[in-house]
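Undergrad: I'd like to ask you about the structure that follows.
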Amino acid sequence: MNNIDSISQDSINFIKEIYGDEFIPLHRPIFIGNEKDYLTECIDSNFVSSVGKKVDEFENSISKYTNSKYAIATSSGTTALHVALKLNDVDDNDEVITQSLTFVATCNAISYLNASPVFVDVDLDTMGMSPEALRVFLEKNAKIDGKFTRNKITGRRIKACLPMHTYGFPCRIDQIKDICDEWKIKLIEDAAESLGSFYKKKHTGTYGLMGTFSFNGNKIITTGGGGMIVTDNEELAVKAKHITTTSKKPHPYKFVHDEVGFNYRLPNINAALGCAQIEKLKFFLDQKSNIYKKYKDFYHSIDVKINKPIKDSISNHWLNSIILDDIEARDKFIYITNNSGVMTRPFWTMMSKLKMFENCISDSLENSNWLEDRVVCIPSSVPLEAEK
Ligand SMILES: *Cc1c(COP(=O)(O)O)cnc(C)c1O
């Protein structure tokens, strides 16, 4: 590899060629479709809040696009995760197996239910949960006890497994599903970053009992803030809609709520944005695939590794990332690029190193540690000129 100063300078020049000379963020939303029209429709109709037809329309679009029977809109990706875990019986003192290399929301949602995350390693190529690490962990630490699986060491039930498709790259979700089935562990997917990503022709988020998406401002499509749960299970879908809408029983005028519910509804005005954004999803995906190809050729030419989707997978290329030699190179690259107005960022700090989760159980996390030190995310928005 060249020295890091020239890698950084070459990157800055190349990225500015794509995105221009102004400050270049990591990922920005773009609104080039029917956003304003749909927002106007909402405002004119007075349906801006928790009921309205844009919510139904947006749910239908996501259900159709992901080929899921049901889609339930929520106020964020985090609240979608909270509800998905809760409806799959994650409860006080349970354990949920997840990855340490993820965004904090994954683990926060587990904690909201007073359950504990358990961290297994990721694969180096997908940067998502490693089926091999999951298998080894379970063989070493778990035993099936009637209907449940217990952690032999803590005595707690291992209720669910929550892998995440990092930066839009599908992880080996079919193998993870097989292991979960074998061990009677419920599979839920954090597909917040992977709308538009498929593994073996099946959309990410649809392998598990439930999958969740986020439409935060930095994601591939945005509703400002928002999320979605997808599932093929009718009973879970009905429950999800119910508890995210304050558990109100349908009635022409009475207010009867039959359990403690949540106000996790997606407002109609946010759904309106979503309806417009999803119409442009194919265009965004094409543009992102172009950007990835450009980066791939460029980094190949200067002998720097770039993360690629594995065989049989299609990535949405939400966020491109490169792998530098070591933590010093990484920090220097980040320093130089950000000083030149090119936003780059390291991986998240591993969840197992945050003070809320530092006492959680984990395996060696060898690959996670290796990646955490070396991966840098680079600007990946749809380029400005593509908007015209
Ligand atoms: C964005 C994101 C979430 C949560 O999304 P919000 O809509 O911001 O609550 C969850 N998990 C991952 C991996 C994410 O990237």
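Please note that chains go A, B, ... in the order of the structure tokens, that every chain numbers its residues from 1, and that ligands are numbered from 1 in the order shown.
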Quick check for you: according to DSSP on this backbone, which residues of segment 56-191 of chain A are classed as helix (DSSP H, G or I)? Reply as a PDB file with C-alpha atoms, in the first residue's frame.
TA:
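In the end it all went to part_32.pdb:
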```pdb
ATOM      1  CA  ASP A  56     -51.228   2.791   4.304  1.00  0.00           C
ATOM      2  CA  GLU A  57     -49.725   3.575   0.923  1.00  0.00           C
ATOM      3  CA  PHE A  58     -46.210   3.612   2.296  1.00  0.00           C
ATOM      4  CA  GLU A  59     -46.762   0.348   4.163  1.00  0.00           C
ATOM      5  CA  ASN A  60     -48.084  -1.232   0.970  1.00  0.00           C
ATOM      6  CA  SER A  61     -45.091  -0.063  -1.044  1.00  0.00           C
ATOM      7  CA  ILE A  62     -42.622  -1.519   1.449  1.00  0.00           C
ATOM      8  CA  SER A  63     -44.537  -4.757   1.717  1.00  0.00           C
ATOM      9  CA  LYS A  64     -44.602  -5.082  -2.053  1.00  0.00           C
ATOM     10  CA  TYR A  65     -40.986  -4.111  -2.568  1.00  0.00           C
ATOM     11  CA  THR A  66     -39.645  -6.501   0.070  1.00  0.00           C
ATOM     12  CA  GLY A  77     -36.072   2.179  13.246  1.00  0.00           C
ATOM     13  CA  THR A  78     -35.377   1.953  16.965  1.00  0.00           C
ATOM     14  CA  THR A  79     -39.056   1.737  17.903  1.00  0.00           C
ATOM     15  CA  ALA A  80     -39.536  -0.884  15.161  1.00  0.00           C
ATOM     16  CA  LEU A  81     -36.807  -2.969  16.803  1.00  0.00           C
ATOM     17  CA  HIS A  82     -38.279  -2.471  20.264  1.00  0.00           C
ATOM     18  CA  VAL A  83     -41.672  -3.737  19.110  1.00  0.00           C
ATOM     19  CA  ALA A  84     -40.275  -6.617  17.046  1.00  0.00           C
ATOM     20  CA  LEU A  85     -38.324  -7.919  20.038  1.00  0.00           C
ATOM     21  CA  LYS A  86     -41.214  -7.429  22.428  1.00  0.00           C
ATOM     22  CA  LEU A  87     -43.668  -9.292  20.183  1.00  0.00           C
ATOM     23  CA  VAL A 104     -26.239   1.551  19.244  1.00  0.00           C
ATOM     24  CA  ALA A 105     -29.985   1.382  18.454  1.00  0.00           C
ATOM     25  CA  THR A 106     -29.778  -2.402  18.028  1.00  0.00           C
ATOM     26  CA  CYS A 107     -28.627  -2.839  21.619  1.00  0.00           C
ATOM     27  CA  ASN A 108     -30.755  -0.052  23.041  1.00  0.00           C
ATOM     28  CA  ALA A 109     -33.861  -1.851  21.813  1.00  0.00           C
ATOM     29  CA  ILE A 110     -32.752  -5.023  23.615  1.00  0.00           C
ATOM     30  CA  SER A 111     -32.161  -3.015  26.794  1.00  0.00           C
ATOM     31  CA  TYR A 112     -35.598  -1.368  26.684  1.00  0.00           C
ATOM     32  CA  PRO A 131     -22.924 -17.910  11.344  1.00  0.00           C
ATOM     33  CA  GLU A 132     -19.802 -19.827  12.345  1.00  0.00           C
ATOM     34  CA  ALA A 133     -19.289 -17.640  15.423  1.00  0.00           C
ATOM     35  CA  LEU A 134     -22.958 -18.047  16.299  1.00  0.00           C
ATOM     36  CA  ARG A 135     -22.756 -21.829  16.007  1.00  0.00           C
ATOM     37  CA  VAL A 136     -19.587 -22.081  18.068  1.00  0.00           C
ATOM     38  CA  PHE A 137     -21.024 -19.809  20.742  1.00  0.00           C
ATOM     39  CA  LEU A 138     -24.194 -21.843  21.042  1.00  0.00           C
ATOM     40  CA  GLU A 139     -22.400 -25.195  21.045  1.00  0.00           C
ATOM     41  CA  LYS A 140     -20.154 -23.986  23.836  1.00  0.00           C
ATOM     42  CA  ASN A 141     -22.632 -22.055  25.936  1.00  0.00           C
ATOM     43  CA  THR A 166     -23.911  -3.710   7.920  1.00  0.00           C
ATOM     44  CA  TYR A 167     -23.843  -0.691   5.576  1.00  0.00           C
ATOM     45  CA  GLY A 168     -26.274  -2.532   3.297  1.00  0.00           C
ATOM     46  CA  ILE A 173     -28.606 -14.759   6.806  1.00  0.00           C
ATOM     47  CA  ASP A 174     -29.728 -18.131   5.423  1.00  0.00           C
ATOM     48  CA  GLN A 175     -27.125 -19.943   7.508  1.00  0.00           C
ATOM     49  CA  ILE A 176     -27.970 -17.844  10.550  1.00  0.00           C
ATOM     50  CA  LYS A 177     -31.618 -18.751  10.087  1.00  0.00           C
ATOM     51  CA  ASP A 178     -30.813 -22.479   9.957  1.00  0.00           C
ATOM     52  CA  ILE A 179     -28.832 -22.253  13.189  1.00  0.00           C
ATOM     53  CA  CYS A 180     -31.607 -20.288  14.912  1.00  0.00           C
ATOM     54  CA  ASP A 181     -34.176 -22.883  13.819  1.00  0.00           C
ATOM     55  CA  GLU A 182     -32.009 -25.702  15.087  1.00  0.00           C
TER      56      GLU A 182
END
```
Undergrad: Residues within 7 Å of ligand 1 should be enumerated using only C-alpha atoms and all ligand atoms and returned as a ChimeraX atom specification.
TA: /A:76-79,102-103,105-106,164,166,190-193,214-216,219,225-227
Undergrad: Segment 175-262 of chain A near segment 28-39 of chain A within 7 Å: what's each residue's closest atom pair and its distance in Å to one decimal, counting only C-alpha atoms, ordered by chain then ascending residue number, as JSON lines?
TA:
```
{"residue": "A:Gly217", "atom": "CA", "partner": "A:Pro29", "partner_atom": "CA", "distance": 6.1}
{"residue": "A:Asn218", "atom": "CA", "partner": "A:Arg28", "partner_atom": "CA", "distance": 5.9}
{"residue": "A:Thr222", "atom": "CA", "partner": "A:Pro29", "partner_atom": "CA", "distance": 6.9}
```
Undergrad: Tell me, which residues of segment 50-256 of chain A carry DSSP strand (DSSP E), written as a PyMOL selection string?
TA: chain A and resi 70-74+95-99+116-120+142-145+148-151+158-162+186-190+198-199+202-203+210-214+227-231
Undergrad: Quick one: residues within 10 Å of segment 290-307 of chain A, only C-alpha atoms counted, chain neighbours fewer than 4 positions away excluded, as a ChimeraX atom specification?
TA: /A:1-2,6-7,10-11,14-15,18,124-127,167,169,284-286,316-325,375-383
Undergrad: Pick out the residues sitting within 10 Å of segment 350-357 of chain A, and hand them over as a PDB file with N, CA, C and O atoms, in the first residue's frame; count only C-alpha atoms, and ignore anything fewer than 3 positions along from it in its own chain.
TA:
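Final output, selection-v4.pdb:
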```pdb
ATOM      1  N   THR A  98     -26.532 -10.757  19.397  1.00  0.00           N
ATOM      2  CA  THR A  98     -26.390  -9.781  18.325  1.00  0.00           C
ATOM      3  C   THR A  98     -24.920  -9.572  18.027  1.00  0.00           C
ATOM      4  O   THR A  98     -24.078 -10.355  18.481  1.00  0.00           O
ATOM      5  N   GLN A  99     -24.607  -8.547  17.245  1.00  0.00           N
ATOM      6  CA  GLN A  99     -23.214  -8.279  16.930  1.00  0.00           C
ATOM      7  C   GLN A  99     -22.746  -7.026  17.655  1.00  0.00           C
ATOM      8  O   GLN A  99     -23.544  -6.127  17.931  1.00  0.00           O
ATOM      9  N   SER A 100     -21.448  -6.993  17.941  1.00  0.00           N
ATOM     10  CA  SER A 100     -20.886  -5.865  18.671  1.00  0.00           C
ATOM     11  C   SER A 100     -20.648  -4.691  17.730  1.00  0.00           C
ATOM     12  O   SER A 100     -20.694  -3.533  18.127  1.00  0.00           O
ATOM     13  N   LEU A 101     -20.395  -5.014  16.467  1.00  0.00           N
ATOM     14  CA  LEU A 101     -20.229  -3.967  15.457  1.00  0.00           C
ATOM     15  C   LEU A 101     -21.594  -3.631  14.886  1.00  0.00           C
ATOM     16  O   LEU A 101     -22.044  -4.229  13.915  1.00  0.00           O
ATOM     17  N   THR A 102     -22.265  -2.713  15.510  1.00  0.00           N
ATOM     18  CA  THR A 102     -23.552  -2.251  14.999  1.00  0.00           C
ATOM     19  C   THR A 102     -23.784  -0.851  15.528  1.00  0.00           C
ATOM     20  O   THR A 102     -23.010  -0.344  16.359  1.00  0.00           O
ATOM     21  N   PHE A 103     -24.842  -0.238  15.062  1.00  0.00           N
ATOM     22  CA  PHE A 103     -25.241   1.052  15.608  1.00  0.00           C
ATOM     23  C   PHE A 103     -25.932   0.810  16.950  1.00  0.00           C
ATOM     24  O   PHE A 103     -26.590  -0.224  17.137  1.00  0.00           O
ATOM     25  N   VAL A 104     -25.794   1.732  17.859  1.00  0.00           N
ATOM     26  CA  VAL A 104     -26.239   1.551  19.244  1.00  0.00           C
ATOM     27  C   VAL A 104     -27.730   1.210  19.367  1.00  0.00           C
ATOM     28  O   VAL A 104     -28.158   0.555  20.331  1.00  0.00           O
ATOM     29  N   THR A 106     -29.541  -0.958  17.951  1.00  0.00           N
ATOM     30  CA  THR A 106     -29.778  -2.402  18.028  1.00  0.00           C
ATOM     31  C   THR A 106     -29.777  -2.849  19.494  1.00  0.00           C
ATOM     32  O   THR A 106     -30.678  -3.571  19.944  1.00  0.00           O
ATOM     33  N   CYS A 107     -28.774  -2.418  20.214  1.00  0.00           N
ATOM     34  CA  CYS A 107     -28.627  -2.839  21.619  1.00  0.00           C
ATOM     35  C   CYS A 107     -29.543  -2.059  22.551  1.00  0.00           C
ATOM     36  O   CYS A 107     -30.013  -2.603  23.555  1.00  0.00           O
ATOM     37  N   ASN A 108     -29.802  -0.806  22.226  1.00  0.00           N
ATOM     38  CA  ASN A 108     -30.755  -0.052  23.041  1.00  0.00           C
ATOM     39  C   ASN A 108     -32.103  -0.754  23.061  1.00  0.00           C
ATOM     40  O   ASN A 108     -32.725  -0.899  24.117  1.00  0.00           O
ATOM     41  N   SER A 111     -32.165  -3.507  25.404  1.00  0.00           N
ATOM     42  CA  SER A 111     -32.161  -3.015  26.794  1.00  0.00           C
ATOM     43  C   SER A 111     -33.513  -2.466  27.238  1.00  0.00           C
ATOM     44  O   SER A 111     -33.839  -2.537  28.427  1.00  0.00           O
ATOM     45  N   SER A 116     -30.509  -8.653  27.922  1.00  0.00           N
ATOM     46  CA  SER A 116     -29.097  -8.316  27.710  1.00  0.00           C
ATOM     47  C   SER A 116     -28.627  -8.762  26.339  1.00  0.00           C
ATOM     48  O   SER A 116     -28.880  -9.896  25.938  1.00  0.00           O
ATOM     49  N   PRO A 117     -27.901  -7.894  25.660  1.00  0.00           N
ATOM     50  CA  PRO A 117     -27.273  -8.345  24.423  1.00  0.00           C
ATOM     51  C   PRO A 117     -26.117  -9.310  24.723  1.00  0.00           C
ATOM     52  O   PRO A 117     -25.462  -9.187  25.760  1.00  0.00           O
ATOM     53  N   VAL A 118     -25.932 -10.263  23.838  1.00  0.00           N
ATOM     54  CA  VAL A 118     -24.769 -11.162  23.883  1.00  0.00           C
ATOM     55  C   VAL A 118     -24.086 -10.963  22.537  1.00  0.00           C
ATOM     56  O   VAL A 118     -24.761 -11.002  21.496  1.00  0.00           O
ATOM     57  N   PHE A 119     -22.779 -10.732  22.568  1.00  0.00           N
ATOM     58  CA  PHE A 119     -22.117 -10.365  21.318  1.00  0.00           C
ATOM     59  C   PHE A 119     -21.329 -11.515  20.718  1.00  0.00           C
ATOM     60  O   PHE A 119     -20.456 -12.077  21.378  1.00  0.00           O
ATOM     61  N   PHE A 347     -15.664   3.175  11.845  1.00  0.00           N
ATOM     62  CA  PHE A 347     -16.757   2.289  12.249  1.00  0.00           C
ATOM     63  C   PHE A 347     -17.320   2.795  13.572  1.00  0.00           C
ATOM     64  O   PHE A 347     -16.699   3.581  14.269  1.00  0.00           O
ATOM     65  N   CYS A 360     -21.519  -7.241  29.191  1.00  0.00           N
ATOM     66  CA  CYS A 360     -22.279  -8.269  28.478  1.00  0.00           C
ATOM     67  C   CYS A 360     -21.344  -9.378  27.995  1.00  0.00           C
ATOM     68  O   CYS A 360     -20.152  -9.167  27.798  1.00  0.00           O
ATOM     69  N   ILE A 361     -21.944 -10.540  27.805  1.00  0.00           N
ATOM     70  CA  ILE A 361     -21.169 -11.689  27.359  1.00  0.00           C
ATOM     71  C   ILE A 361     -20.788 -11.531  25.892  1.00  0.00           C
ATOM     72  O   ILE A 361     -21.582 -11.036  25.091  1.00  0.00           O
ATOM     73  N   SER A 362     -19.572 -11.963  25.558  1.00  0.00           N
ATOM     74  CA  SER A 362     -19.191 -11.932  24.149  1.00  0.00           C
ATOM     75  C   SER A 362     -18.177 -13.031  23.865  1.00  0.00           C
ATOM     76  O   SER A 362     -17.588 -13.583  24.795  1.00  0.00           O
ATOM     77  N   LEU A 365     -14.535 -11.829  19.565  1.00  0.00           N
ATOM     78  CA  LEU A 365     -14.784 -10.637  18.735  1.00  0.00           C
ATOM     79  C   LEU A 365     -13.540 -10.219  17.951  1.00  0.00           C
ATOM     80  O   LEU A 365     -13.303  -9.019  17.719  1.00  0.00           O
ATOM     81  N   SER A 368     -14.329  -8.422  14.678  1.00  0.00           N
ATOM     82  CA  SER A 368     -14.945  -7.123  14.972  1.00  0.00           C
ATOM     83  C   SER A 368     -13.866  -6.113  15.366  1.00  0.00           C
ATOM     84  O   SER A 368     -13.855  -4.976  14.880  1.00  0.00           O
ATOM     85  N   ASN A 369     -12.952  -6.552  16.234  1.00  0.00           N
ATOM     86  CA  ASN A 369     -11.862  -5.665  16.659  1.00  0.00           C
ATOM     87  C   ASN A 369     -10.977  -5.264  15.490  1.00  0.00           C
ATOM     88  O   ASN A 369     -10.569  -4.103  15.370  1.00  0.00           O
ATOM     89  N   LEU A 371     -11.761  -5.102  12.305  1.00  0.00           N
ATOM     90  CA  LEU A 371     -12.472  -4.167  11.422  1.00  0.00           C
ATOM     91  C   LEU A 371     -12.633  -2.794  12.074  1.00  0.00           C
ATOM     92  O   LEU A 371     -12.481  -1.760  11.421  1.00  0.00           O
ATOM     93  N   GLU A 372     -12.944  -2.806  13.349  1.00  0.00           N
ATOM     94  CA  GLU A 372     -13.158  -1.530  14.049  1.00  0.00           C
ATOM     95  C   GLU A 372     -11.939  -0.618  13.897  1.00  0.00           C
ATOM     96  O   GLU A 372     -12.068   0.589  13.736  1.00  0.00           O
TER      97      GLU A 372
END
```
Undergrad: Distance atom CA of Asp94 of chain A-atom CA of Arg157 of chain A, one decimal place?
TA: 5.1 Å
Undergrad: Using Å and a single decimal, report how far atom CA of Asp21 of chain A sits from atom CA of Leu195 of chain A.
TA: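 So the two atoms, atom CA of Leu195 of chain A and atom CA of Asp21 of chain A, lie 29.6 Å apart.
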Undergrad: Let me make sure I understand: among A:Gly20, A:Pro309, A:Gly146, A:Pro250, which one has the smallest atom-to-atom distance to His165 of chain A if we use only C-alpha atoms?
TA: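 Using only C-alpha atoms, His165 of chain A sits closest to A:Pro309.
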Undergrad: Take atom CA of Pro267 of chain A and atom CA of Gly52 of chain A and report the distance between them in Å, one decimal.
TA: 8.2 Å
Undergrad: Name the residues in contact with Val55 of chain A at a cut-off of 9 Å, using only C-alpha atoms, excluding same-chain residues fewer than 5 positions from it; report them as number ranges by chain.
TA: A: 50, 60, 72-73, 266-272, 274-275
Undergrad: Mind writing the picked residues with N, CA and C atoms as a compact mmCIF listing (two decimals), in the first residue's frame?
TA:
```txt
# COMPACT_ATOMS: atom_id res chain seq x y z
N SER A 50 -51.55 11.03 12.93
CA SER A 50 -51.45 9.58 13.10
C SER A 50 -52.38 8.75 12.24
N ASN A 60 -47.89 -0.35 2.13
CA ASN A 60 -48.08 -1.23 0.97
C ASN A 60 -46.87 -1.26 0.05
N ILE A 72 -45.59 -2.73 8.81
CA ILE A 72 -46.19 -1.86 9.81
C ILE A 72 -45.26 -0.67 10.04
N ALA A 73 -45.75 0.52 9.73
CA ALA A 73 -44.91 1.71 9.86
C ALA A 73 -44.76 2.09 11.33
N LEU A 266 -46.16 6.23 12.77
CA LEU A 266 -45.51 7.12 11.82
C LEU A 266 -46.55 8.16 11.38
N PRO A 267 -46.28 9.45 11.61
CA PRO A 267 -47.25 10.45 11.16
C PRO A 267 -47.44 10.42 9.65
N ASN A 268 -48.65 10.76 9.23
CA ASN A 268 -49.00 10.75 7.80
C ASN A 268 -48.06 11.64 6.98
N ILE A 269 -47.66 12.73 7.60
CA ILE A 269 -46.81 13.68 6.86
C ILE A 269 -45.43 13.07 6.58
N ASN A 270 -44.95 12.26 7.51
CA ASN A 270 -43.69 11.56 7.28
C ASN A 270 -43.86 10.46 6.24
N ALA A 271 -45.01 9.77 6.32
CA ALA A 271 -45.28 8.71 5.35
C ALA A 271 -45.37 9.29 3.94
N ALA A 272 -45.86 10.54 3.84
CA ALA A 272 -45.96 11.18 2.52
C ALA A 272 -44.58 11.29 1.88
N GLY A 274 -42.11 9.35 2.57
CA GLY A 274 -41.72 7.97 2.24
C GLY A 274 -42.30 7.51 0.92
N CYS A 275 -43.56 7.86 0.66
CA CYS A 275 -44.21 7.47 -0.60
C CYS A 275 -43.45 8.05 -1.80
```
Undergrad: Please determine, counting only C-alpha atoms, which residue among A:Ile158, A:Ile188, A:Leu26, A:Val90 has the shortest atom-to-atom distance to Asp145 of chain A.
TA: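 Closest candidate: A:Ile158.
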Undergrad: Which one is closest to Tyr207 of chain A: A:Asn13, A:Ser68, A:Arg345, A:Ala160? Count only C-alpha atoms.
TA: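 Among the listed residues, A:Ser68 lies closest to Tyr207 of chain A.
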Undergrad: Considering only C-alpha atoms, return as an NGL selection string whatever protein or nucleic-acid residues lie within 6 Å of Ser313 of chain A, sequence-local ones (same chain, fewer than 2 positions apart) excluded.
TA: :A and (198-200 or 310-311)
Undergrad: Give the answer as one residue: which of A:Val122, A:Val51, A:Ala71, A:Ile334 has the shortest atom-to-atom distance to Asn233 of chain A, using only C-alpha atoms?
TA: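 So, comparing all the options, the nearest one is A:Ala71.
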